[in-house]
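Trainee: Here's a structure for you.
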Amino acid sequence: MTTTTTTLPVLRSPLQRTIRLGLGRVRYEVRGYFRQGDSVFFTFLFPVVFLTIFSVAFSNFDFGKDAAGHAVSAARYYLPGMLAAGLLLTGTQNMAVEIAGERSDGTLKRLGGSPLPVFSYFIGKMGEVLVSALLQAALLLVVARLAFQVPLPAVASTWVTFGWVFLLGAATCAVLGVALSVLPRTGKSATAVVIPITLVLQFISGVYLQFSQLPVWLQNVAAVFPLKWLAQGMRSVFLPSGFSAIEQGGTWDLAGVALVTSIWLVVGLVLCRVTFRWIRRDS
Amino acid sequence: MTNSDPVVHVRNLRKTYGGSTVLDGVSFDIERGETFALLGPNGAGKSTTIEILEGYRDRSDGEVSVLGVDPRHGGTDWKAHLGIVLQDTGESGNVTVREQLGQFAGYYSNPRDVDEVIAAVGLQDKATTLIRRLSGGQRRRVDVALGIVGRPQLLFLDEPTTGFDPEARRSFWELIHRLKAEGTTILLTTHYLDEAAQLSDRAGVIMGGRLIDVGTLDRIGGPEARVPVVRWRDASGAHERRTDHPGAVVAELVRAGGEPEHLEVVRPSLEDVYLALVSEHEPAPQELELSR
């Protein structure tokens, strides 16, 4: 096709082009996400709403004391779980429902007919999750601090832990969301397929229910999935160090958090690579 | 590929789903700069054909090349030269018309000016409106705009004017004439035969997965189908005569009984030719008789 390629300004390398288009997609996706009222409520604000309800409802409950003998408030107790749940909601739940919808309403088909690289599309989705999860975590922390006087860590190394748990968690949840998006047959059935999965995970992983009070076999089931570990990593950041005694194994086990979450990240990436298609072929 | 190679080359294209055959040996070429209309009833295989050419579907057998590439192996470089207007779209459209076109324009190396494209499809007043707030016909115009924003060499238009009002259809036709003048090759499917007649150079008629005729618009259906018809009315009722010499017939009528009432000399339109072709190949003619 010599007649046509001569007119094209092919100056950028394919990788540069992929990344440039991917970053453009991030902007586009984030804008679309925040214009979608229902997803903003059910995935973005949901953890904030629950943190508020639990903090108020259980304000007289005894959640234990920190090293200085101060009672741990309900807000402080639930904040780590809500941060972890936020990653699951904006990452897995929102991604799976959103992409299933895009697959059935023709968005992916249109993109598949355009020269947009698949990888740019992924960068866009990952960026959407990262930006919305960051804003969500910031909002949770602000509400916890200002409305419920939750003490935040003063040590830099604790914030480093928060950083890697957050980033690893966001990436893993996003990738699993993309992988999960192939399950629903239609966009309309997507919430019905996806929400039960994420809801069960939240209940068995120590988000709403105190993890240490679950039967051991259920704790072991939850330990297969990443949410339990993300919640545990977040608890290590925001709860007094003495609380590690009631975790499985009696420690925060941050190595376990990193290991199990990383395994799911790899599993998710492989699933995306193998299952993601612009359209269901020959459907 | 050189300039003289056909832009689209299809030979003995077959497509089967399970046991049923959807396309059964379809062959045609589309030359550079040509507008080719693929006509046929619903379910005849038009969209299957077009989606195989676009790379969305695999074929079961046969030979296909689009811009010199087998669509099964067409990568992003190949897609950069295509414009695709799909038959049905129902995107949620949480972006404005200009945002959407700006986003897609970025995928191409030499896109058209976004505002020019918006104006070309008549949506300049809606440029900052969210796509989901547009009417069906306006959304369809966004589809067309997205199809042409990348300055494609080959444009696929699958029933592009569904939901257009007559005025929008006229301005769409003007837009297509401009694209043709710029040398764009176009593959069009439509149910509006006047549209096909207005826009295309050649047409193929597909029925039951087979191409029953293909040719230039003044040839398709054969000379027989184009014989003019003289219609008139007299005391004994309505009359109709097919003749190659309508002038002589009219002169004879005038000589015999003066000015005939409701006189018409009609050259069969593409629609007449098409309907004759389709009914000739119709497997179940009983239904047609019932409706008369």
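For the structure tokens, the naming scheme is as follows: chains receive sequential letters (A, B, ...) according to their order of presentation, residues are indexed from 1 within each chain, and ligands are indexed from 1 in presentation order.
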I'd like a table as CSV: residues in chain B with an atom no more than 9 Å from chain A, each row giving the shortest atom pair and its distance in Å to one decimal, only C-alpha atoms counted, sorted by chain and rising residue number.

Mentor:
```
residue,atom,partner,partner_atom,distance
B:Met1,CA,A:Met1,CA,5.1
B:Thr2,CA,A:Met1,CA,6.6
B:Asn3,CA,A:Thr3,CA,7.5
B:Tyr17,CA,A:Asp282,CA,8.5
B:Glu54,CA,A:Gly113,CA,7.2
B:Gly55,CA,A:Gly113,CA,7.9
B:Tyr56,CA,A:Arg281,CA,7.3
B:Arg57,CA,A:Asp282,CA,5.7
B:Asp58,CA,A:Asp282,CA,7.3
B:Leu67,CA,A:Met1,CA,8.0
B:Gly68,CA,A:Met1,CA,7.8
B:Gly75,CA,A:Pro115,CA,7.7
B:Thr76,CA,A:Pro115,CA,4.3
B:Asp77,CA,A:Pro115,CA,6.7
B:Trp78,CA,A:Pro115,CA,7.8
B:Lys79,CA,A:Pro115,CA,5.1
B:Ala80,CA,A:Pro115,CA,5.1
B:His81,CA,A:Pro115,CA,8.7
B:Leu82,CA,A:Ser114,CA,7.8
B:Gly83,CA,A:Ser114,CA,7.9
B:Ile84,CA,A:Gly113,CA,6.7
B:Val85,CA,A:Arg110,CA,8.5
B:Leu86,CA,A:Arg110,CA,7.8
B:Asp88,CA,A:Gly106,CA,7.9
B:Thr89,CA,A:Gly106,CA,5.6
B:Gly90,CA,A:Asp105,CA,5.1
B:Glu91,CA,A:Asp105,CA,5.1
B:Ser92,CA,A:Asp105,CA,7.4
B:Gly93,CA,A:Gly32,CA,8.5
B:Asn94,CA,A:Gly32,CA,5.4
B:Val95,CA,A:Gly32,CA,6.4
B:Glu99,CA,A:Tyr28,CA,8.2
B:Gln100,CA,A:Tyr28,CA,8.8
B:Gln103,CA,A:Gly24,CA,7.6
B:Phe104,CA,A:Ser114,CA,8.0
B:Gly106,CA,A:Leu21,CA,7.4
B:Tyr107,CA,A:Leu116,CA,5.7
B:Tyr108,CA,A:Pro115,CA,7.0
B:Ser109,CA,A:Leu8,CA,6.4
B:Asn110,CA,A:Leu8,CA,6.7
B:Gln153,CA,A:Thr4,CA,8.9
```

Trainee: Sorted by chain and rising residue number, list the residues of stretch 220-284 of chain B at most 12 Å from stretch 191-200 of chain B (counting only C-alpha atoms), each with its closest atom pair and distance in Å to one decimal, as a Markdown table.

Mentor:
```
| residue | atom | partner | partner_atom | distance |
| --- | --- | --- | --- | --- |
| B:Ile220 | CA | B:Ala197 | CA | 11.3 |
| B:Pro268 | CA | B:Ala197 | CA | 11.9 |
| B:Ser269 | CA | B:Asp194 | CA | 8.1 |
| B:Leu270 | CA | B:Leu193 | CA | 6.2 |
| B:Glu271 | CA | B:Leu193 | CA | 5.2 |
| B:Asp272 | CA | B:Leu193 | CA | 9.1 |
| B:Val273 | CA | B:Leu193 | CA | 9.8 |
| B:Tyr274 | CA | B:Leu193 | CA | 8.1 |
| B:Leu275 | CA | B:Leu193 | CA | 9.8 |
```

Trainee: Any idea what's packed within 8 Å of stretch 213-219 of chain B, counting only C-alpha atoms, ignoring anything in its chain fewer than 5 positions away? Could you give it as a list in words?

Mentor: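 The filter keeps Phe28, Ala197, Ser200, Asp201, Arg202, Ala203, Gly204, Val205, Ile206 and Leu270 of chain B.
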
Trainee: Write out, as a PDB file, in the first residue's frame, the residues just selected, with N, CA, C and O atoms.

Mentor:
```pdb
ATOM      1  N   PHE B  28     -17.684 -10.903  -5.437  1.00  0.00           N
ATOM      2  CA  PHE B  28     -17.769  -9.583  -6.073  1.00  0.00           C
ATOM      3  C   PHE B  28     -16.487  -8.813  -5.801  1.00  0.00           C
ATOM      4  O   PHE B  28     -15.716  -9.189  -4.907  1.00  0.00           O
ATOM      5  N   ALA B 197     -29.886   4.090  -5.461  1.00  0.00           N
ATOM      6  CA  ALA B 197     -29.860   4.638  -6.819  1.00  0.00           C
ATOM      7  C   ALA B 197     -29.126   5.976  -6.838  1.00  0.00           C
ATOM      8  O   ALA B 197     -28.361   6.280  -7.754  1.00  0.00           O
ATOM      9  N   SER B 200     -24.979   4.927  -5.455  1.00  0.00           N
ATOM     10  CA  SER B 200     -24.026   3.885  -5.836  1.00  0.00           C
ATOM     11  C   SER B 200     -23.781   3.827  -7.337  1.00  0.00           C
ATOM     12  O   SER B 200     -24.595   4.259  -8.147  1.00  0.00           O
ATOM     13  N   ASP B 201     -22.615   3.299  -7.676  1.00  0.00           N
ATOM     14  CA  ASP B 201     -22.250   3.077  -9.068  1.00  0.00           C
ATOM     15  C   ASP B 201     -22.677   1.674  -9.496  1.00  0.00           C
ATOM     16  O   ASP B 201     -23.133   1.473 -10.591  1.00  0.00           O
ATOM     17  N   ARG B 202     -22.479   0.731  -8.578  1.00  0.00           N
ATOM     18  CA  ARG B 202     -22.867  -0.640  -8.870  1.00  0.00           C
ATOM     19  C   ARG B 202     -23.596  -1.204  -7.662  1.00  0.00           C
ATOM     20  O   ARG B 202     -23.464  -0.701  -6.547  1.00  0.00           O
ATOM     21  N   ALA B 203     -24.347  -2.267  -7.914  1.00  0.00           N
ATOM     22  CA  ALA B 203     -25.069  -2.897  -6.817  1.00  0.00           C
ATOM     23  C   ALA B 203     -25.020  -4.403  -6.968  1.00  0.00           C
ATOM     24  O   ALA B 203     -24.896  -4.925  -8.082  1.00  0.00           O
ATOM     25  N   GLY B 204     -25.107  -5.086  -5.856  1.00  0.00           N
ATOM     26  CA  GLY B 204     -25.265  -6.527  -5.844  1.00  0.00           C
ATOM     27  C   GLY B 204     -26.524  -6.843  -5.056  1.00  0.00           C
ATOM     28  O   GLY B 204     -26.802  -6.183  -4.062  1.00  0.00           O
ATOM     29  N   VAL B 205     -27.284  -7.803  -5.539  1.00  0.00           N
ATOM     30  CA  VAL B 205     -28.499  -8.187  -4.816  1.00  0.00           C
ATOM     31  C   VAL B 205     -28.257  -9.559  -4.215  1.00  0.00           C
ATOM     32  O   VAL B 205     -27.908 -10.506  -4.924  1.00  0.00           O
ATOM     33  N   ILE B 206     -28.429  -9.638  -2.909  1.00  0.00           N
ATOM     34  CA  ILE B 206     -28.140 -10.881  -2.206  1.00  0.00           C
ATOM     35  C   ILE B 206     -29.449 -11.429  -1.645  1.00  0.00           C
ATOM     36  O   ILE B 206     -30.284 -10.680  -1.143  1.00  0.00           O
ATOM     37  N   LEU B 270     -35.036   1.684  -9.663  1.00  0.00           N
ATOM     38  CA  LEU B 270     -34.230   0.620  -9.080  1.00  0.00           C
ATOM     39  C   LEU B 270     -35.095  -0.224  -8.145  1.00  0.00           C
ATOM     40  O   LEU B 270     -34.962  -1.437  -8.076  1.00  0.00           O
TER      41      LEU B 270
END
```

Trainee: Quick one: residues within 9 Å of B:Ala120, only C-alpha atoms counted, chain neighbours fewer than 3 positions away excluded, as a ChimeraX atom specification?

Mentor: /B:115-117,123-124,145,171-172,175

Trainee: Using only C-alpha atoms, find the one residue out of A:Gly91, A:Lys125, A:Phe166, A:Thr52 that sits nearest to A:Gly22.

Mentor: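 Of A:Gly91, A:Lys125, A:Phe166, A:Thr52, the one nearest A:Gly22, counting only C-alpha atoms, is A:Lys125.
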
Trainee: Excluding B:Ile176 and any residue of its chain fewer than 6 positions from it, enumerate the residues within 12 Å of it, using only C-alpha atoms, and give them as an MDAnalysis selection string.

Mentor: chainID B and resid 33:35 120:121 144:145 147:148 155:157 160:161 169:170 182:188 195:196 198:200

Trainee: Those same residues - C-alpha atoms - I'd like them written as a PDB file, in the first residue's frame.

Mentor:
```pdb
ATOM      1  CA  GLY B  33     -13.302   5.056  -5.671  1.00  0.00           C
ATOM      2  CA  GLU B  34     -16.415   3.076  -6.398  1.00  0.00           C
ATOM      3  CA  THR B  35     -19.616   3.064  -4.352  1.00  0.00           C
ATOM      4  CA  ALA B 120     -20.837  17.865   7.790  1.00  0.00           C
ATOM      5  CA  VAL B 121     -23.370  15.678   9.601  1.00  0.00           C
ATOM      6  CA  VAL B 144     -21.640   8.393  10.487  1.00  0.00           C
ATOM      7  CA  ALA B 145     -19.344  11.137  11.791  1.00  0.00           C
ATOM      8  CA  GLY B 147     -17.071   6.506  10.510  1.00  0.00           C
ATOM      9  CA  ILE B 148     -15.560   9.313   8.461  1.00  0.00           C
ATOM     10  CA  LEU B 155     -16.073   3.308   4.205  1.00  0.00           C
ATOM     11  CA  PHE B 156     -18.602   0.676   5.280  1.00  0.00           C
ATOM     12  CA  LEU B 157     -22.119   2.003   5.690  1.00  0.00           C
ATOM     13  CA  PRO B 160     -26.657   4.366   7.595  1.00  0.00           C
ATOM     14  CA  THR B 161     -29.799   6.458   7.273  1.00  0.00           C
ATOM     15  CA  ARG B 169     -31.223  11.906   4.359  1.00  0.00           C
ATOM     16  CA  ARG B 170     -30.746  14.484   1.587  1.00  0.00           C
ATOM     17  CA  GLU B 182     -12.501  12.805  -2.631  1.00  0.00           C
ATOM     18  CA  GLY B 183     -11.981   9.251  -3.864  1.00  0.00           C
ATOM     19  CA  THR B 184     -13.398   7.293  -0.927  1.00  0.00           C
ATOM     20  CA  THR B 185     -14.457   3.751  -1.774  1.00  0.00           C
ATOM     21  CA  ILE B 186     -17.814   2.954  -0.204  1.00  0.00           C
ATOM     22  CA  LEU B 187     -19.708  -0.236   0.562  1.00  0.00           C
ATOM     23  CA  LEU B 188     -23.309   0.553   1.380  1.00  0.00           C
ATOM     24  CA  GLU B 195     -30.759   5.927  -1.709  1.00  0.00           C
ATOM     25  CA  ALA B 196     -28.892   3.137  -3.453  1.00  0.00           C
ATOM     26  CA  GLN B 198     -28.757   8.078  -5.688  1.00  0.00           C
ATOM     27  CA  LEU B 199     -25.378   7.030  -4.296  1.00  0.00           C
ATOM     28  CA  SER B 200     -24.026   3.885  -5.836  1.00  0.00           C
TER      29      SER B 200
END
```

Trainee: For A:Val200, which of A:Val143, A:Ala85, A:Gln16, A:Val26 is the closest residue, counting only C-alpha atoms?

Mentor: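 The closest residue to A:Val200 is A:Ala85.
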
Trainee: Apply DSSP to the structure's backbone, then extract all residues of stretch 100-268 of chain B labelled strand (DSSP E or B) and return them as a PyMOL selection string.

Mentor: chain B and resi 130+154-158+185-189+202-207+210-216+229-234+237-242+261-266

Trainee: Give the helix (DSSP H, G or I) residues of stretch 154-283 of chain A, as assigned by DSSP on the backbone, as number ranges by chain.

Mentor: A: 156-180, 190-204, 211-213, 216-222, 226-238, 241-246, 248-250, 254-275

Trainee: When distances are computed from only C-alpha atoms, which of A:Ser181, A:Gln210, A:Asn94, A:Ser39 shows the smallest separation from A:Tyr77?

Mentor: A:Gln210

Trainee: Show me, as number ranges by chain, the residues that have an atom within 7 Å of A:Val257 when counting only C-alpha atoms, minus same-chain residues fewer than 2 positions from it.

Mentor: A: 229-230, 233, 253-255, 259-261

Trainee: Just want the 6 Å neighbourhood of A:Ser55, counted on only C-alpha atoms, with same-chain residues fewer than 4 positions away dropped. Output as a list in words.

Mentor: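 In the requested form, the answer reads Leu51, Ser59, Ala74 and Ala75 of chain A.
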
Trainee: Please dump the current selection as an mmCIF file, in the first residue's frame; keep N, CA, C and O atoms.

Mentor:
```
data_model
loop_
_atom_site.group_PDB
_atom_site.id
_atom_site.type_symbol
_atom_site.label_atom_id
_atom_site.label_comp_id
_atom_site.auth_asym_id
_atom_site.auth_seq_id
_atom_site.Cartn_x
_atom_site.Cartn_y
_atom_site.Cartn_z
ATOM 1 N N LEU A 51 -19.417 3.400 55.966
ATOM 2 C CA LEU A 51 -18.568 3.821 57.077
ATOM 3 C C LEU A 51 -19.363 4.723 58.016
ATOM 4 O O LEU A 51 -19.321 4.574 59.249
ATOM 5 N N SER A 59 -21.614 3.072 67.592
ATOM 6 C CA SER A 59 -20.767 4.011 68.327
ATOM 7 C C SER A 59 -20.596 3.594 69.795
ATOM 8 O O SER A 59 -19.640 3.997 70.443
ATOM 9 N N ALA A 74 -15.787 2.834 66.477
ATOM 10 C CA ALA A 74 -16.341 2.039 65.382
ATOM 11 C C ALA A 74 -15.792 2.533 64.050
ATOM 12 O O ALA A 74 -15.450 1.739 63.158
ATOM 13 N N ALA A 75 -15.670 3.851 63.890
ATOM 14 C CA ALA A 75 -15.169 4.412 62.632
ATOM 15 C C ALA A 75 -13.750 3.926 62.354
ATOM 16 O O ALA A 75 -13.420 3.520 61.242
#
```

Trainee: Determine the nearest neighbour of A:Met95 from the options A:Ile123, A:Ile195, A:Val129, A:Val155, counting only C-alpha atoms.

Mentor: A:Val129

Trainee: My list of candidates is A:Thr251, A:Asn220, A:Thr186, A:Gln202. Which is closest to A:Val97 when distances are computed with only C-alpha atoms?

Mentor: A:Thr186

Trainee: Atom CA of B:Val254 to atom CA of B:His239: how many Å, to one decimal?

Mentor: 14.4 Å

Trainee: Counting only C-alpha atoms, which residue out of A:Gly127, A:Gly250, A:Pro153, A:Gly163 sits closest to A:Ser212?

Mentor: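 Result for the nearest residue to A:Ser212: A:Gly250.
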